[in-house]
>>> print(open('data-v3.csv').read())   # CSV, C-alpha atoms
chain,number,residue,atom,x,y,z
A,172,ALA,CA,0.0,0.0,0.0
A,173,GLU,CA,2.8,2.4,0.7
A,174,GLN,CA,4.0,2.1,-2.9
A,175,LEU,CA,0.6,3.5,-4.2
A,176,PHE,CA,-0.2,7.1,-4.7
A,177,LEU,CA,-3.9,7.7,-5.6
A,178,LEU,CA,-5.0,10.9,-7.5
A,179,TYR,CA,-8.5,11.0,-8.9
A,180,SER,CA,-8.8,12.4,-12.5
A,181,LEU,CA,-12.5,13.0,-12.2
A,182,TYR,CA,-13.5,16.6,-11.5
A,183,LEU,CA,-16.8,18.5,-11.6
A,184,ASP,CA,-17.8,22.1,-12.0
A,185,PHE,CA,-20.3,22.6,-9.3
A,186,GLY,CA,-21.3,25.9,-10.9
A,187,VAL,CA,-22.9,23.8,-13.6
A,188,PHE,CA,-23.6,20.4,-12.0
A,189,ARG,CA,-25.6,21.4,-9.0
A,190,PRO,CA,-29.1,20.8,-7.6
A,191,GLU,CA,-31.7,23.2,-8.8
A,192,GLY,CA,-35.5,23.3,-8.5
A,193,THR,CA,-37.1,22.1,-11.7
A,194,SER,CA,-40.1,20.0,-12.8
A,195,ILE,CA,-39.7,16.3,-13.3
A,196,GLU,CA,-40.2,15.2,-16.9
A,197,TYR,CA,-38.6,11.8,-17.1
A,198,ASP,CA,-38.8,8.7,-14.8
A,199,ALA,CA,-35.3,7.6,-15.9
A,200,ILE,CA,-32.5,8.9,-18.0
A,201,PHE,CA,-29.6,7.1,-19.8
A,202,VAL,CA,-26.5,9.0,-20.9
A,203,GLY,CA,-23.7,7.4,-22.9
A,204,ARG,CA,-22.5,6.1,-26.2
A,205,LEU,CA,-24.8,3.5,-27.7
A,206,THR,CA,-22.3,0.7,-27.7
A,207,ALA,CA,-22.3,-2.8,-26.2
A,208,ASN,CA,-20.1,-2.0,-23.1
A,209,LYS,CA,-22.5,0.8,-22.1
A,210,ALA,CA,-25.4,-1.8,-22.1
A,211,PRO,CA,-28.2,0.4,-23.5
A,212,SER,CA,-30.0,-2.8,-24.5
A,213,LEU,CA,-30.0,-3.9,-20.9
A,214,PHE,CA,-31.4,-0.5,-19.9
A,215,LEU,CA,-34.3,-0.9,-22.3
A,216,ASP,CA,-34.9,-4.4,-21.1
A,217,ALA,CA,-35.2,-3.0,-17.6
A,218,ILE,CA,-37.6,-0.3,-18.8
A,219,ALA,CA,-39.7,-3.0,-20.5
A,220,ALA,CA,-39.8,-5.0,-17.2
A,221,ALA,CA,-40.7,-1.9,-15.3
A,222,SER,CA,-43.4,-1.1,-17.8
A,223,ARG,CA,-45.2,-4.4,-17.1
A,224,LYS,CA,-45.9,-3.1,-13.6
A,225,ARG,CA,-46.3,0.6,-14.3
A,226,ASP,CA,-47.9,2.4,-17.3
A,227,GLY,CA,-46.8,5.8,-18.5
A,228,LEU,CA,-43.1,5.6,-17.9
A,229,ARG,CA,-41.2,8.4,-19.5
A,230,VAL,CA,-37.6,7.8,-20.5
A,231,LEU,CA,-34.8,9.8,-22.1
A,232,ILE,CA,-31.8,8.3,-23.9
A,233,ILE,CA,-28.9,10.7,-24.7
A,234,GLY,CA,-26.2,9.2,-27.0
A,235,ALA,CA,-25.3,8.0,-30.4
A,236,GLY,CA,-23.5,4.9,-31.7
A,237,PRO,CA,-23.8,1.7,-33.6
A,238,LEU,CA,-26.8,0.4,-31.6
A,239,LYS,CA,-29.0,3.4,-32.2
A,240,ALA,CA,-31.2,1.9,-34.9
A,241,ARG,CA,-31.7,-1.3,-33.0
A,242,LEU,CA,-32.6,0.5,-29.8
A,243,ARG,CA,-35.1,2.7,-31.6
A,244,THR,CA,-36.8,-0.4,-32.9
A,245,ARG,CA,-36.8,-2.0,-29.5
A,246,ALA,CA,-38.2,1.2,-27.9
A,247,ALA,CA,-41.0,1.4,-30.5
A,248,GLY,CA,-42.0,-2.2,-29.5
A,249,LEU,CA,-42.6,-1.1,-25.9
A,250,GLY,CA,-46.0,0.4,-27.0
A,251,SER,CA,-47.6,3.7,-26.5
A,252,ALA,CA,-47.8,3.4,-22.7
A,253,THR,CA,-44.1,3.9,-22.4
A,254,ARG,CA,-42.5,7.0,-24.0
A,255,VAL,CA,-38.9,6.8,-24.9
A,256,GLU,CA,-37.2,9.9,-26.3
A,257,PHE,CA,-33.9,9.9,-28.0
A,258,ARG,CA,-31.3,12.7,-28.3
A,259,ASP,CA,-28.1,12.1,-30.1
A,260,TRP,CA,-26.1,14.8,-28.5
A,261,VAL,CA,-26.2,17.6,-25.9
A,262,ALA,CA,-23.6,20.3,-26.7
A,263,ALA,CA,-23.6,22.4,-23.6
A,264,PRO,CA,-22.8,21.1,-20.1
A,265,GLY,CA,-25.5,23.3,-18.6
A,266,GLU,CA,-28.1,21.8,-20.9
A,267,LEU,CA,-27.0,18.3,-19.9
A,268,ALA,CA,-27.2,19.2,-16.2
A,269,ASP,CA,-30.7,20.5,-16.7
A,270,LEU,CA,-31.8,17.2,-18.3
A,271,TYR,CA,-30.3,15.3,-15.4
A,272,ARG,CA,-32.4,17.4,-13.0
A,273,ARG,CA,-35.6,16.6,-15.0
A,274,ALA,CA,-35.2,12.9,-14.3
A,275,ARG,CA,-36.2,10.9,-11.3
A,276,CYS,CA,-33.1,8.8,-11.6
A,277,LEU,CA,-30.1,8.1,-13.9
A,278,ILE,CA,-29.5,4.5,-14.9
A,279,CYS,CA,-25.9,3.2,-15.6
A,280,ALA,CA,-26.1,-0.4,-16.9
A,281,SER,CA,-22.5,-0.6,-18.2
A,282,PHE,CA,-20.5,-3.8,-18.3
A,283,SER,CA,-17.2,-1.9,-18.1
A,284,GLU,CA,-16.3,1.7,-17.3
A,285,GLY,CA,-13.3,4.0,-16.7
A,286,GLY,CA,-15.6,6.4,-14.7
A,287,PRO,CA,-18.5,6.6,-15.2
A,288,ARG,CA,-18.5,10.4,-15.3
A,289,VAL,CA,-22.2,10.6,-15.9
A,290,VAL,CA,-22.9,9.0,-12.5
A,291,ALA,CA,-20.9,11.7,-10.7
A,292,GLU,CA,-22.6,14.4,-12.7
A,293,ALA,CA,-26.1,13.2,-12.0
A,294,LEU,CA,-25.3,12.9,-8.2
A,295,ALA,CA,-23.9,16.4,-8.2
A,296,CYS,CA,-27.2,17.6,-9.7
A,297,GLY,CA,-29.2,15.8,-6.9
A,298,VAL,CA,-30.3,12.9,-9.0
A,299,PRO,CA,-30.4,9.4,-7.5
A,300,VAL,CA,-28.4,6.8,-9.5
A,301,ILE,CA,-29.1,3.2,-10.2
A,302,SER,CA,-25.8,1.7,-11.4
A,303,THR,CA,-24.1,-1.6,-12.0
A,304,ARG,CA,-20.9,-2.2,-10.0
A,305,VAL,CA,-18.5,-0.7,-12.5
A,306,GLY,CA,-15.5,1.6,-12.2
A,307,LEU,CA,-16.0,4.4,-9.6
A,308,ALA,CA,-19.7,3.7,-9.3
A,309,ARG,CA,-19.0,1.4,-6.4
A,310,GLU,CA,-17.5,4.4,-4.6
A,311,LEU,CA,-19.8,7.0,-5.8
A,312,VAL,CA,-23.2,5.4,-5.2
A,313,GLN,CA,-24.1,4.7,-1.6
A,314,ASP,CA,-26.5,1.8,-1.9
A,315,GLY,CA,-29.9,2.8,-0.5
A,316,VAL,CA,-28.7,6.3,0.4
A,317,THR,CA,-27.9,8.1,-2.9
A,318,GLY,CA,-29.2,5.4,-5.2
A,319,PHE,CA,-28.8,1.6,-5.7
A,320,LEU,CA,-26.0,-0.7,-6.9
A,321,VAL,CA,-27.3,-3.6,-8.9
A,322,ASP,CA,-26.1,-6.6,-10.8
A,323,TRP,CA,-26.6,-6.9,-14.6
A,324,SER,CA,-30.2,-7.9,-14.3
A,325,ALA,CA,-33.1,-6.2,-16.1
A,326,ASP,CA,-35.5,-7.3,-13.3
A,327,ASP,CA,-33.3,-5.9,-10.6
A,328,ILE,CA,-32.9,-2.6,-12.3
A,329,ALA,CA,-36.7,-2.5,-13.0
A,330,GLU,CA,-37.3,-3.2,-9.3
A,331,ARG,CA,-35.1,-0.3,-8.2
A,332,ILE,CA,-36.7,2.1,-10.8
A,333,GLU,CA,-40.1,1.2,-9.3
A,334,GLN,CA,-38.9,1.9,-5.8
A,335,ILE,CA,-37.8,5.4,-6.8
A,336,VAL,CA,-40.8,6.2,-9.0
A,337,SER,CA,-43.3,5.0,-6.5
A,338,ASP,CA,-41.8,6.5,-3.3
A,339,PRO,CA,-41.4,10.3,-3.6
A,340,ASP,CA,-40.0,10.5,0.0
A,341,LEU,CA,-37.3,8.0,-0.8
A,342,ARG,CA,-36.4,9.9,-3.9
A,343,ALA,CA,-36.3,13.2,-2.0
A,344,ARG,CA,-34.0,11.7,0.6
A,345,MET,CA,-31.6,10.3,-2.0
A,346,ALA,CA,-31.7,13.6,-4.0
A,347,LEU,CA,-30.7,15.5,-0.8
A,348,ALA,CA,-27.8,13.1,0.0
A,349,ALA,CA,-26.5,12.7,-3.6
A,350,PRO,CA,-24.5,16.0,-4.0
A,351,LEU,CA,-22.7,15.4,-0.7
A,352,SER,CA,-21.3,12.1,-2.0
A,353,VAL,CA,-19.3,13.8,-4.7
A,354,GLN,CA,-18.0,16.9,-2.9
A,355,ARG,CA,-14.4,15.6,-3.1
A,356,PHE,CA,-14.5,15.9,-6.9
A,357,GLU,CA,-15.0,19.7,-6.9
A,358,LYS,CA,-12.8,21.0,-9.8
A,359,SER,CA,-10.5,23.3,-8.0
A,360,ARG,CA,-10.0,20.8,-5.2
A,361,VAL,CA,-9.0,18.0,-7.6
A,362,LEU,CA,-6.6,20.3,-9.5
A,363,ARG,CA,-5.0,21.4,-6.2
A,364,GLU,CA,-4.6,17.8,-5.1
A,365,TYR,CA,-3.0,16.9,-8.4
A,366,ALA,CA,-0.5,19.8,-8.1
A,367,MET,CA,0.3,18.8,-4.5
A,368,GLY,CA,0.6,15.2,-5.5
A,369,TYR,CA,3.1,15.9,-8.2
A,370,GLN,CA,5.1,18.1,-5.9
A,371,GLU,CA,5.2,15.2,-3.4
A,372,LEU,CA,6.3,12.7,-6.0
A,373,VAL,CA,9.2,15.1,-7.0
A,374,LYS,CA,10.3,15.2,-3.4
A,375,ILE,CA,10.2,11.4,-3.1
A,376,ASP,CA,12.2,11.0,-6.4
A,377,SER,CA,14.9,13.7,-5.5
>>> encode(input="data-v3.csv", output="structure tokens")
Amino acid sequence: AEQLFLLYSLYLDFGVFRPEGTSIEYDAIFVGRLTANKAPSLFLDAIAAASRKRDGLRVLIIGAGPLKARLRTRAAGLGSATRVEFRDWVAAPGELADLYRRARCLICASFSEGGPRVVAEALACGVPVISTRVGLARELVQDGVTGFLVDWSADDIAERIEQIVSDPDLRARMALAAPLSVQRFEKSRVLREYAMGYQELVKIDS
């Protein structure tokens, strides 16, 4: 352990990614490239499972990639009771933050991740996160406090979506706790720690 020196590369601008009062428009949001490792198909499988118990789910998928056409076809097959909206790209960070805040929860269904940055951004905006146990998600998401950690099971994800959608008090408690869980990733703090870390490494090497 004494040979390891940990510096996080994840940083957040809390002037952009912050809680802000806004109306809820979506029950769940997915943000990421539409590729196999991000598991957007698993996300839609979970939405389909949740839809069998609850009509009127509203979902937003932000991202583009090779699976886009297949996902649109899959979403159309969910029927009129479930509304799935697609957006290929959001150019401005402020607009992305606003879309996070319009959702009851963010879903990260990834099989592998270096971050995922979207989990940290959503939490900073006060949005509960349902995530598989990938990358930093295991550190960022406090199970049952700021969201839920799940396995790669559509039924498990669907169950957690139902909990958040059906229990406004639970969602409110998670939304309040979420920004506190990512305070250590504030941009100026991370940059300062990087600078101090490199200075420390130079001392050790000299």
>>> closest_residue(input="data-v3.csv", among="A:Arg229, A:Gln313, A:Ala295, A:Tyr369", to="A:Leu183", atoms="all atoms listed in the file")
A:Ala295
>>> residues_around(input="data-v3.csv", residues="stretch 244-261 of chain A", least_positions_apart="4", cutoff="8 Å", atoms="only C-alpha atoms", output="list in words")
Leu215, Ala219, Ser222, Asp226, Gly227, Leu228, Arg229, Val230, Leu231, Ile232, Ile233, Gly234, Ala235, Ala240, Glu266 and Leu267 of chain A
>>> residues_around(input="data-v3.csv", residues="A:Val361", least_positions_apart="6", cutoff="9 Å", atoms="all atoms listed in the file", output="VMD selection string")
chain A and resid 178 to 183 355
>>> residues_around(input="data-v3.csv", residues="A:Pro350", least_positions_apart="5", cutoff="9 Å", atoms="all atoms listed in the file", output="compact mmCIF listing (two decimals) with C-alpha atoms, in the frame of the given file")
# COMPACT_ATOMS: atom_id res chain seq x y z
CA ARG A 189 -25.60 21.40 -9.00
CA PRO A 190 -29.10 20.80 -7.60
CA ALA A 291 -20.90 11.70 -10.70
CA ALA A 293 -26.10 13.20 -12.00
CA LEU A 294 -25.30 12.90 -8.20
CA ALA A 295 -23.90 16.40 -8.20
CA CYS A 296 -27.20 17.60 -9.70
CA GLY A 297 -29.20 15.80 -6.90
CA VAL A 298 -30.30 12.90 -9.00
CA THR A 317 -27.90 8.10 -2.90
>>> closest_residue(input="data-v3.csv", among="A:Ala274, A:Ala329, A:Ala210, A:Val373", to="A:Arg342", atoms="all atoms listed in the file")
A:Ala274
>>> closest_residue(input="data-v3.csv", among="A:Ala207, A:Leu347, A:Ile335, A:Val353", to="A:Leu311", atoms="all atoms listed in the file")
A:Val353
>>> decode(input="data-v3.csv", residues="stretch 227-335 of chain A", atoms="C-alpha atoms", output="short mmCIF file (atom, residue, chain, number, x, y, z; two decimals), in the first residue's frame")
data_model
loop_
_atom_site.label_atom_id
_atom_site.label_comp_id
_atom_site.auth_asym_id
_atom_site.auth_seq_id
_atom_site.Cartn_x
_atom_site.Cartn_y
_atom_site.Cartn_z
CA GLY A 227 -46.81 5.75 -18.46
CA LEU A 228 -43.08 5.56 -17.87
CA ARG A 229 -41.18 8.40 -19.52
CA VAL A 230 -37.58 7.76 -20.50
CA LEU A 231 -34.79 9.80 -22.11
CA ILE A 232 -31.78 8.27 -23.86
CA ILE A 233 -28.93 10.66 -24.72
CA GLY A 234 -26.24 9.25 -26.96
CA ALA A 235 -25.34 8.02 -30.42
CA GLY A 236 -23.54 4.94 -31.67
CA PRO A 237 -23.81 1.71 -33.64
CA LEU A 238 -26.75 0.38 -31.61
CA LYS A 239 -28.97 3.42 -32.22
CA ALA A 240 -31.21 1.92 -34.92
CA ARG A 241 -31.69 -1.33 -33.01
CA LEU A 242 -32.56 0.54 -29.83
CA ARG A 243 -35.09 2.74 -31.57
CA THR A 244 -36.79 -0.36 -32.95
CA ARG A 245 -36.77 -1.95 -29.51
CA ALA A 246 -38.19 1.19 -27.92
CA ALA A 247 -40.99 1.36 -30.49
CA GLY A 248 -41.98 -2.16 -29.50
CA LEU A 249 -42.63 -1.11 -25.91
CA GLY A 250 -45.95 0.37 -26.98
CA SER A 251 -47.63 3.70 -26.50
CA ALA A 252 -47.84 3.35 -22.70
CA THR A 253 -44.07 3.91 -22.42
CA ARG A 254 -42.54 6.99 -23.98
CA VAL A 255 -38.87 6.75 -24.92
CA GLU A 256 -37.25 9.91 -26.25
CA PHE A 257 -33.87 9.85 -28.02
CA ARG A 258 -31.34 12.67 -28.29
CA ASP A 259 -28.08 12.08 -30.11
CA TRP A 260 -26.10 14.84 -28.47
CA VAL A 261 -26.22 17.63 -25.91
CA ALA A 262 -23.63 20.28 -26.71
CA ALA A 263 -23.60 22.42 -23.57
CA PRO A 264 -22.80 21.07 -20.08
CA GLY A 265 -25.50 23.32 -18.62
CA GLU A 266 -28.13 21.77 -20.86
CA LEU A 267 -27.01 18.28 -19.86
CA ALA A 268 -27.21 19.23 -16.18
CA ASP A 269 -30.74 20.50 -16.72
CA LEU A 270 -31.75 17.20 -18.34
CA TYR A 271 -30.31 15.26 -15.41
CA ARG A 272 -32.42 17.36 -13.05
CA ARG A 273 -35.58 16.65 -15.04
CA ALA A 274 -35.23 12.91 -14.34
CA ARG A 275 -36.20 10.93 -11.25
CA CYS A 276 -33.08 8.81 -11.63
CA LEU A 277 -30.10 8.08 -13.86
CA ILE A 278 -29.46 4.49 -14.94
CA CYS A 279 -25.93 3.23 -15.62
CA ALA A 280 -26.12 -0.36 -16.86
CA SER A 281 -22.53 -0.58 -18.16
CA PHE A 282 -20.51 -3.78 -18.25
CA SER A 283 -17.22 -1.86 -18.08
CA GLU A 284 -16.29 1.75 -17.32
CA GLY A 285 -13.33 3.97 -16.65
CA GLY A 286 -15.57 6.37 -14.74
CA PRO A 287 -18.46 6.60 -15.23
CA ARG A 288 -18.48 10.39 -15.26
CA VAL A 289 -22.25 10.57 -15.85
CA VAL A 290 -22.86 8.95 -12.46
CA ALA A 291 -20.89 11.68 -10.69
CA GLU A 292 -22.55 14.44 -12.73
CA ALA A 293 -26.06 13.19 -11.96
CA LEU A 294 -25.31 12.87 -8.25
CA ALA A 295 -23.92 16.42 -8.21
CA CYS A 296 -27.23 17.57 -9.68
CA GLY A 297 -29.16 15.85 -6.87
CA VAL A 298 -30.34 12.94 -9.02
CA PRO A 299 -30.38 9.41 -7.53
CA VAL A 300 -28.42 6.83 -9.53
CA ILE A 301 -29.09 3.15 -10.21
CA SER A 302 -25.81 1.66 -11.39
CA THR A 303 -24.09 -1.62 -11.98
CA ARG A 304 -20.91 -2.18 -9.98
CA VAL A 305 -18.46 -0.75 -12.51
CA GLY A 306 -15.51 1.60 -12.16
CA LEU A 307 -15.98 4.35 -9.62
CA ALA A 308 -19.71 3.69 -9.33
CA ARG A 309 -18.95 1.38 -6.41
CA GLU A 310 -17.46 4.36 -4.58
CA LEU A 311 -19.82 7.05 -5.83
CA VAL A 312 -23.19 5.38 -5.24
CA GLN A 313 -24.07 4.66 -1.62
CA ASP A 314 -26.50 1.78 -1.88
CA GLY A 315 -29.88 2.76 -0.45
CA VAL A 316 -28.66 6.30 0.35
CA THR A 317 -27.89 8.08 -2.94
CA GLY A 318 -29.25 5.37 -5.22
CA PHE A 319 -28.82 1.64 -5.72
CA LEU A 320 -26.04 -0.68 -6.85
CA VAL A 321 -27.33 -3.59 -8.94
CA ASP A 322 -26.13 -6.61 -10.85
CA TRP A 323 -26.59 -6.93 -14.61
CA SER A 324 -30.23 -7.95 -14.29
CA ALA A 325 -33.08 -6.17 -16.06
CA ASP A 326 -35.50 -7.28 -13.34
CA ASP A 327 -33.26 -5.94 -10.56
CA ILE A 328 -32.89 -2.58 -12.31
CA ALA A 329 -36.65 -2.48 -12.95
CA GLU A 330 -37.35 -3.15 -9.27
CA ARG A 331 -35.15 -0.25 -8.22
CA ILE A 332 -36.75 2.06 -10.78
CA GLU A 333 -40.14 1.15 -9.34
CA GLN A 334 -38.93 1.95 -5.82
CA ILE A 335 -37.76 5.42 -6.78
#
